[in-house]
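Structure, as structure tokens:
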Amino acid sequence: MYEDFHATDRWTTQKLHCLYQALIVAIATRHADAVDIKFVVNGQPVWIALPHPTWVEYNKRTGRVITDPLAIQIAGHFLKSAIETGTYEHGREMYSLTVEETLTHLNAVLKEVGAPPDALVKDAPANDVLVNTA
């Protein structure tokens, strides 16, 4: 779904090719611990940082785990949403999501694939697709 996709930029109407490239578990003293997922967007690197506490929170709320492939789908869903809603900034290399934003995109991905209801986070924000530009 979101390892290799195209999305049309809302403002430029440019069609962007997004290709998943890497997943790195990042633990650093200078910034928040996260799983960093790299995409190449029309040849330019874009990193999506999903905060580590999301894994714990999802497990606590559902009893399930976020796998690496699911994390890639979450990051890709965020990236496609950012491009299509106009919050994607050409040239920006890093986007950091909050736990709740990550859970919202996780729910959207799971709904798209027809996951069972008990896999969804019931108290996550509605899928109005939250896009953080911080």
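Ordering of the structure tokens sets the chain letters (A, B, ...), residue numbers begin anew at 1 in every chain, and ligands are numbered from 1 in the order given.
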* Can you list, as a list in words, every protein, DNA or RNA residue that comes within 12 Å of Trp55 in chain A when you count only C-alpha atoms, leaving out same-chain residues fewer than 5 positions away? ->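 Residues near the query, excluding close chain neighbours: Asp33, Ala34, Val35, Leu50, Lys60, Arg61, Thr62, Gly63, Arg64, Val65, Ile66, Thr67, Asp68, Leu70, Ala71, Thr98, Val99, Glu100, Thr102, Leu103 and Leu106 of chain A.
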Residue neighbourhood Val109 in chain A, 10 Å, only C-alpha atoms, exclusion window fewer than 6 positions, as a compact mmCIF listing (two decimals) with C-alpha atoms, in the first residue's frame:
# COMPACT_ATOMS: atom_id res chain seq x y z
CA MET A 1 0.00 0.00 0.00
CA TYR A 2 2.43 2.65 1.18
CA LEU A 70 2.82 -1.89 9.93
CA ALA A 71 5.06 1.00 11.05
CA GLN A 73 2.42 1.63 6.39
CA ILE A 74 1.66 4.17 9.14
CA ALA A 75 4.51 6.44 8.05
CA GLY A 76 3.54 6.11 4.40
CA HIS A 77 -0.07 6.95 5.20
CA PHE A 78 1.08 10.05 7.05
CA LEU A 103 -2.39 6.00 16.39
CA ALA A 115 -8.61 -5.32 10.15
CA LEU A 120 -8.40 -0.49 16.19
* Asked: Which parts of range 30-114 of chain A does DSSP call strand (DSSP E or B) when run on the backbone here, written out as a list in words?
  -> Ala34, Val35, Asp36, Ile37, Lys38, Phe39, Val40, Val41, Gln44, Pro45, Val46, Trp47, Ile48, Ala49, Leu50, Pro51, Met94, Tyr95 and Ser96 of chain A
Could you save the residues just selected, with C-alpha atoms, as a compact mmCIF listing (two decimals), in the first residue's frame?
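Output contents, as saved in part_30.txt:
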# COMPACT_ATOMS: atom_id res chain seq x y z
CA ALA A 34 11.57 7.16 17.73
CA VAL A 35 11.39 4.72 14.90
CA ASP A 36 12.60 6.72 11.92
CA ILE A 37 11.24 5.63 8.57
CA LYS A 38 12.89 6.95 5.42
CA PHE A 39 11.11 7.52 2.14
CA VAL A 40 12.53 8.94 -1.05
CA VAL A 41 10.14 11.49 -2.55
CA GLN A 44 14.74 13.54 -2.02
CA PRO A 45 14.97 11.91 1.44
CA VAL A 46 12.05 12.36 3.84
CA TRP A 47 12.09 10.85 7.34
CA ILE A 48 8.96 10.16 9.37
CA ALA A 49 9.64 9.77 13.11
CA LEU A 50 7.13 7.62 15.01
CA PRO A 51 7.60 7.96 18.78
CA MET A 94 12.02 15.26 8.95
CA TYR A 95 8.48 15.01 10.25
CA SER A 96 7.83 13.97 13.87
* To do: List every residue of chain A that DSSP, applied to the backbone of this structure, places in helix (DSSP H, G or I), and write the result as a PyMOL selection string.
  => chain A and resi 53-62+68-85+99-112+117-119
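Across the model, the gap from CA of Pro69 in chain A to CA of Gln14 in chain A is 27.6 Å.
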* **Selection near range 81-89 of chain A, 10 Å with only C-alpha atoms, sequence-local residues under 3 positions removed, as a list in words** =>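 Here the answer would be His6, Ala7, Thr8, Asp9, Arg10, Trp11, Thr12, Thr13, Gln14, Lys15, Leu16, Ala75, Gly76, His77, Phe78, Arg92, Glu93, Met94, Tyr95, His105, Val129, Leu130, Val131, Asn132 and Thr133 of chain A.
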Shell around Asp4 in chain A at 7 Å using only C-alpha atoms, local window under 6 positions removed, as a JSON list (two decimals) with C-alpha atoms, in the first residue's frame:
[["chain", "number", "residue", "atom", "x", "y", "z"],
["A", 18, "CYS", "CA", 7.24, 8.06, -2.77],
["A", 19, "LEU", "CA", 9.37, 4.99, -2.15],
["A", 20, "TYR", "CA", 10.10, 3.41, 1.23]]
* **Atomic separation - CA of Asp123 in chain A relative to CA of Ala108 in chain A, Å** =>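 Going from CA of Ala108 in chain A over to CA of Asp123 in chain A, I get 13.3 Å.
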